[in-house]
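A.B. asks: Before we start, here is the structure in question, set down as structure tokens.
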Amino acid sequence: MRKFWVVGGVGIGAAMCFVALLVVGTYSAAAGLGSAGAIGLAKGAVPAKFQSLVQKWGNLCPAINPALLAAQLYQESGWNPRAQSNAAAQGIAQFIPGTWAGHGIDGDNDGDRDVWDPSDAIPSAASYDCELAGYVKKVPGDPTDNMLAAYNAGAYRVIRAGGVPQISETQNYVQIIRSLEKSFARPVGRIEPSRQAAGAIYFAQKKLGTKYLWGGNGTAAQDGRFDCSGLTQAAYRTVDIELPRVANDQYNAGPHPSRDELLPGDLVFFSDDLTNSRAIHHVGLYVGGGYMINAPYTGAVIRFDKIDTPDYFGATRVTKDGAAALPTSLPEA
């Protein structure tokens, strides 16, 4: 079982003042921070066994990049090579049989094209993206947006519309993948601060001293108790951001600041496998100074704890678009 360290000698009243100062700091810091593009993949965002494939094939053509390819694969299957949908889409890239027959490739050069083998399916997804980009390369607008629109609606509709067509499903698909792309990308430079951070902290600090409950969502029937991801979900719900229920999905709700770039309101995560975000087992709400508001485990109360433990995985700066882009359900194995 994980061990935590309580902030020694800090009473609840003093602690709230401590948090209030940190929240003010969130907005003060905003003036000096900007956002920048990204290259490569965020630490652990792609499971280690797929990372080299995504990195390699995500650079197949200019319309895609490793983070974009990762976003598509996560949205399609949640990294599950055995995923199968009700529409008969198969594998980690969710190809339907007809599309696979025409566009699947032998990515690992072993003599077969296996939709269930990520070594074939991930290269095929990248190859198919690049094919579509070629079809719409003369269409005005962002070439990656046009490629994604062609993936969803077909190249003919994109060509006829002169860009992303006015189809809500297609426009939503493009927005979802581009938002998720930011979660899988390794940031370069500073990341824009969250404007909702102060509200999330305000909610969480009012829960200090509340008893932990495994599976707790803070309902009246549960006496207002929470577990770790229930608390972070409830905190961000108060500022109109709906996070997934479990910690490893919350990790994909925005870009990932480094340890020395953390700001109050960032979510901080802990994992038994520091190369795989799907192995995350715990989340807290960062408040600054190396501490988080934490719902730790059964028998404890919501409290301040240090984040610097051996299983510290990384952080997410939650955004409204990032949270909204996360899949609400994934195909079953």
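Labeling convention for the structure tokens: chains A, B, ... as they appear, residues from 1 per chain, ligands from 1 in order of appearance.
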Using only C-alpha atoms, which residues sit within 8 Å of stretch 262-274 of chain A once same-chain residues fewer than 3 positions away are excluded, as a PyMOL selection string?

C.D. replies: chain A and resi 22-23+25-26+44+193-194+196-198+200-201+232+247+251+257-259+277+279-288+292+307+311-318

A.B. asks: For the selection just defined, write its residues with N, CA, C and O atoms to a file, as a short mmCIF file (atom, residue, chain, number, x, y, z; two decimals), in the first residue's frame.

C.D. replies:
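Generated output (part-v7.cif):
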```cif
data_model
loop_
_atom_site.label_atom_id
_atom_site.label_comp_id
_atom_site.auth_asym_id
_atom_site.auth_seq_id
_atom_site.Cartn_x
_atom_site.Cartn_y
_atom_site.Cartn_z
N LEU A 22 -1.97 30.28 -2.99
CA LEU A 22 -1.55 29.55 -4.17
C LEU A 22 -2.51 29.76 -5.33
O LEU A 22 -2.11 29.85 -6.48
N VAL A 23 -3.79 29.84 -5.03
CA VAL A 23 -4.79 30.07 -6.08
C VAL A 23 -4.56 31.43 -6.71
O VAL A 23 -4.61 31.58 -7.93
N GLY A 25 -1.82 32.83 -6.95
CA GLY A 25 -0.62 32.64 -7.77
C GLY A 25 -0.91 32.03 -9.12
O GLY A 25 -0.19 32.27 -10.08
N THR A 26 -1.96 31.25 -9.21
CA THR A 26 -2.33 30.67 -10.50
C THR A 26 -2.58 31.76 -11.52
O THR A 26 -2.12 31.71 -12.65
N GLY A 44 4.85 8.49 -21.10
CA GLY A 44 3.92 7.47 -20.65
C GLY A 44 2.53 7.55 -21.25
O GLY A 44 1.70 6.70 -20.95
N PRO A 193 -2.02 28.28 -18.47
CA PRO A 193 -2.66 27.92 -17.20
C PRO A 193 -4.15 27.68 -17.36
O PRO A 193 -4.80 28.22 -18.26
N SER A 194 -4.69 26.87 -16.49
CA SER A 194 -6.13 26.60 -16.48
C SER A 194 -6.87 27.72 -15.77
O SER A 194 -6.54 28.08 -14.65
N GLN A 196 -9.91 27.48 -14.84
CA GLN A 196 -10.87 26.87 -13.92
C GLN A 196 -10.21 26.34 -12.65
O GLN A 196 -10.88 25.82 -11.76
N ALA A 197 -8.89 26.46 -12.56
CA ALA A 197 -8.15 25.82 -11.47
C ALA A 197 -8.58 26.30 -10.10
O ALA A 197 -8.74 25.50 -9.16
N ALA A 198 -8.79 27.60 -9.96
CA ALA A 198 -9.12 28.14 -8.64
C ALA A 198 -10.43 27.58 -8.12
O ALA A 198 -10.56 27.26 -6.93
N ALA A 200 -11.80 24.69 -8.88
CA ALA A 200 -11.63 23.29 -8.51
C ALA A 200 -10.96 23.17 -7.14
O ALA A 200 -11.37 22.35 -6.30
N ILE A 201 -9.95 23.98 -6.90
CA ILE A 201 -9.28 23.96 -5.60
C ILE A 201 -10.22 24.42 -4.49
O ILE A 201 -10.24 23.85 -3.39
N THR A 232 -11.55 14.58 -7.58
CA THR A 232 -11.10 15.44 -8.67
C THR A 232 -12.21 15.64 -9.70
O THR A 232 -12.37 16.74 -10.25
N ALA A 247 -9.02 7.46 -12.70
CA ALA A 247 -7.82 8.28 -12.76
C ALA A 247 -7.08 8.14 -14.08
O ALA A 247 -6.61 9.13 -14.64
N TYR A 251 -6.12 11.37 -16.92
CA TYR A 251 -4.79 11.78 -17.38
C TYR A 251 -4.83 12.39 -18.78
O TYR A 251 -3.99 13.22 -19.12
N PRO A 257 2.18 19.27 -18.08
CA PRO A 257 3.32 20.07 -17.63
C PRO A 257 4.35 19.19 -16.94
O PRO A 257 4.03 18.16 -16.35
N SER A 258 5.60 19.61 -17.02
CA SER A 258 6.66 18.91 -16.31
C SER A 258 6.57 19.21 -14.82
O SER A 258 5.83 20.09 -14.38
N ARG A 259 7.35 18.48 -14.04
CA ARG A 259 7.32 18.65 -12.59
C ARG A 259 7.62 20.08 -12.17
O ARG A 259 6.97 20.62 -11.26
N SER A 277 0.49 5.18 -18.97
CA SER A 277 -0.57 5.93 -18.30
C SER A 277 -1.79 5.07 -17.99
O SER A 277 -2.57 5.40 -17.10
N ALA A 279 -1.73 2.37 -16.51
CA ALA A 279 -1.49 1.73 -15.21
C ALA A 279 -1.63 2.71 -14.05
O ALA A 279 -1.40 2.33 -12.89
N ILE A 280 -2.01 3.95 -14.32
CA ILE A 280 -2.22 4.93 -13.24
C ILE A 280 -3.27 4.41 -12.26
O ILE A 280 -4.32 3.92 -12.66
N HIS A 281 -2.98 4.55 -10.97
CA HIS A 281 -3.90 4.05 -9.95
C HIS A 281 -4.35 5.12 -8.95
O HIS A 281 -5.17 4.84 -8.07
N HIS A 282 -3.82 6.36 -9.10
CA HIS A 282 -4.15 7.37 -8.09
C HIS A 282 -4.00 8.76 -8.69
O HIS A 282 -3.16 9.00 -9.57
N VAL A 283 -4.82 9.70 -8.19
CA VAL A 283 -4.77 11.08 -8.66
C VAL A 283 -5.02 12.03 -7.49
O VAL A 283 -5.76 11.70 -6.56
N GLY A 284 -4.37 13.19 -7.54
CA GLY A 284 -4.61 14.24 -6.56
C GLY A 284 -4.71 15.59 -7.25
O GLY A 284 -4.45 15.70 -8.46
N LEU A 285 -5.06 16.63 -6.50
CA LEU A 285 -5.21 17.98 -7.04
C LEU A 285 -4.08 18.83 -6.48
O LEU A 285 -4.02 19.10 -5.28
N TYR A 286 -3.19 19.26 -7.36
CA TYR A 286 -2.00 20.00 -6.93
C TYR A 286 -2.39 21.38 -6.42
O TYR A 286 -3.26 22.05 -6.99
N VAL A 287 -1.76 21.81 -5.32
CA VAL A 287 -2.03 23.13 -4.75
C VAL A 287 -0.78 23.99 -4.64
O VAL A 287 -0.85 25.13 -4.20
N GLY A 288 0.36 23.47 -5.07
CA GLY A 288 1.60 24.24 -5.02
C GLY A 288 2.52 23.79 -3.91
O GLY A 288 2.13 23.06 -3.00
N MET A 292 -0.42 18.30 -2.69
CA MET A 292 -1.71 18.12 -3.33
C MET A 292 -2.79 17.96 -2.27
O MET A 292 -2.51 17.60 -1.13
N ILE A 307 3.63 15.31 -3.19
CA ILE A 307 3.50 14.57 -4.45
C ILE A 307 4.76 13.80 -4.80
O ILE A 307 4.71 12.88 -5.62
N ASP A 311 6.24 6.64 -6.90
CA ASP A 311 5.29 6.28 -7.95
C ASP A 311 4.68 7.50 -8.64
O ASP A 311 3.71 7.37 -9.39
N TYR A 312 5.26 8.70 -8.40
CA TYR A 312 4.77 9.88 -9.11
C TYR A 312 4.96 9.69 -10.61
O TYR A 312 6.06 9.41 -11.10
N PHE A 313 3.87 9.86 -11.37
CA PHE A 313 3.89 9.58 -12.81
C PHE A 313 4.00 10.86 -13.63
O PHE A 313 4.78 10.95 -14.58
N GLY A 314 3.19 11.85 -13.30
CA GLY A 314 3.15 13.07 -14.09
C GLY A 314 1.89 13.85 -13.79
O GLY A 314 1.16 13.55 -12.84
N ALA A 315 1.63 14.86 -14.60
CA ALA A 315 0.53 15.78 -14.32
C ALA A 315 -0.24 16.11 -15.60
O ALA A 315 0.27 15.94 -16.71
N THR A 316 -1.45 16.62 -15.40
CA THR A 316 -2.30 17.09 -16.50
C THR A 316 -2.86 18.45 -16.14
O THR A 316 -3.35 18.64 -15.03
N ARG A 317 -2.77 19.38 -17.07
CA ARG A 317 -3.44 20.67 -16.92
C ARG A 317 -4.78 20.55 -17.63
O ARG A 317 -4.86 20.59 -18.86
N VAL A 318 -5.84 20.38 -16.86
CA VAL A 318 -7.16 20.08 -17.41
C VAL A 318 -7.67 21.24 -18.26
O VAL A 318 -7.58 22.40 -17.87
#
```

A.B. asks: Within 12 Å of A:Gly154, counting only C-alpha atoms, which residues show up once you throw out same-chain ones fewer than 3 positions away? Write them as JSON, numbers by chain, please.

C.D. replies: {"A": [129, 131, 132, 133, 135, 136, 146, 147, 148, 149, 150, 151, 157, 158, 159, 160, 161, 163, 164, 165, 167, 170]}

A.B. asks: Could you turn the residues from that selection into a file that holds C-alpha atoms, as a PDB file, in the first residue's frame?

C.D. replies:
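Below is the file that was written, part-v7.pdb:
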```pdb
ATOM      1  CA  ASP A 129      -4.482   8.603 -42.888  1.00  0.00           C
ATOM      2  CA  GLU A 131      -3.799   8.079 -48.285  1.00  0.00           C
ATOM      3  CA  LEU A 132      -6.719  10.281 -47.299  1.00  0.00           C
ATOM      4  CA  ALA A 133      -4.398  13.289 -46.942  1.00  0.00           C
ATOM      5  CA  TYR A 135      -6.838  12.663 -51.778  1.00  0.00           C
ATOM      6  CA  VAL A 136      -7.600  16.069 -50.213  1.00  0.00           C
ATOM      7  CA  ASN A 146      -9.151  17.968 -43.956  1.00  0.00           C
ATOM      8  CA  MET A 147      -7.574  14.532 -43.594  1.00  0.00           C
ATOM      9  CA  LEU A 148      -9.506  13.848 -40.400  1.00  0.00           C
ATOM     10  CA  ALA A 149     -12.707  15.066 -42.037  1.00  0.00           C
ATOM     11  CA  ALA A 150     -12.073  12.683 -44.938  1.00  0.00           C
ATOM     12  CA  TYR A 151     -11.544   9.863 -42.463  1.00  0.00           C
ATOM     13  CA  ARG A 157     -17.407  15.365 -49.272  1.00  0.00           C
ATOM     14  CA  VAL A 158     -14.312  17.265 -48.169  1.00  0.00           C
ATOM     15  CA  ILE A 159     -13.395  18.081 -51.770  1.00  0.00           C
ATOM     16  CA  ARG A 160     -16.960  19.132 -52.587  1.00  0.00           C
ATOM     17  CA  ALA A 161     -17.184  21.335 -49.475  1.00  0.00           C
ATOM     18  CA  GLY A 163     -12.708  21.938 -46.496  1.00  0.00           C
ATOM     19  CA  VAL A 164     -14.269  20.373 -43.437  1.00  0.00           C
ATOM     20  CA  PRO A 165     -17.938  19.912 -44.411  1.00  0.00           C
ATOM     21  CA  ILE A 167     -21.658  18.024 -40.857  1.00  0.00           C
ATOM     22  CA  THR A 170     -17.525  15.330 -38.847  1.00  0.00           C
TER      23      THR A 170
END
```

A.B. asks: From a backbone DSSP assignment, name each residue in stretch 37-233 of chain A labelled helix (DSSP H, G or I), as number ranges by chain.

C.D. replies: A: 48-57, 66-77, 97-103, 118-135, 143-153, 155-161, 168-184, 197-205, 220-222, 228-233

A.B. asks: Using only C-alpha atoms, determine which residues lie at most 9 Å from stretch 211-215 of chain A, disregarding the query and same-chain residues fewer than 5 positions distant; provide the list as a PyMOL selection string.

C.D. replies: chain A and resi 222+224-230+295-302

A.B. asks: If you run DSSP on the backbone, which residues of stretch 97-308 of chain A are strand (DSSP E or B), as JSON, numbers by chain?

C.D. replies: {"A": [185, 186, 187, 211, 212, 217, 226, 267, 268, 269, 270, 271, 280, 281, 282, 283, 284, 285, 286, 287, 288, 291, 292, 293, 294, 301, 303, 304, 305, 306]}

A.B. asks: Check the smallest atom-to-atom distance from each of A:Ala153, A:Ile293, A:Ile241, A:Asp145 to A:Ala204 using only C-alpha atoms, then report the winner.

C.D. replies: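 Once distances to A:Ala204 are computed over only C-alpha atoms, the minimum belongs to A:Ile293.
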
A.B. asks: Measuring atom to atom with only C-alpha atoms, identify which of A:Glu76, A:Asp117, A:Asp142, A:Glu242 is nearest to A:Tyr173.

C.D. replies: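 Of all the options, A:Glu76 lies closest to A:Tyr173.
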
A.B. asks: Of the candidates A:Arg178, A:Glu261, A:Ala221, A:Thr275, which shows the shortest atom-to-atom distance to A:Asp321, using only C-alpha atoms?

C.D. replies: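 Looking at the shortest contact to A:Asp321, the residue is A:Arg178.
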
A.B. asks: Just checking: using only C-alpha atoms, which residue out of A:Arg278, A:His103, A:Arg245, A:Lys182 ends up closest to A:Lys49?

C.D. replies: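 Checking each candidate against A:Lys49, we get A:Arg278 as the closest.
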
A.B. asks: Show which residues sit within 10 Å of A:Gly58, as a list in words. Count only C-alpha atoms, and ignore same-chain residues fewer than 3 positions away.

C.D. replies: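 Within the cut-off, the hits are Gly40, Ser52, Leu53, Val54, Gln55, Cys61, Pro62, Ala63, Ile64, Asn65, Pro66, Ala67, Leu68, Leu69, Ala70, Ile122, Pro123, Ala125, Ala126, Ser127, Asp129 and Cys130 of chain A.
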
A.B. asks: Between atom CA of A:Ile92 and atom CA of A:Trp79, what is the spacing in Å?

C.D. replies: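 Interatomic distance here is 5.8 Å.
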
A.B. asks: Rank nothing, just name the residue among A:Gln175, A:Lys306, A:Ala234, A:Val188 nearest to A:Asn294, using only C-alpha atoms.

C.D. replies: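 Closest to A:Asn294 of all the choices is A:Lys306.
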
A.B. asks: Could you jot down the atom CA of A:Thr309 to atom CA of A:Asp260 separation for me, Å, one decimal place?

C.D. replies: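 We find that atom CA of A:Thr309 and atom CA of A:Asp260 lie 15.0 Å from each other.
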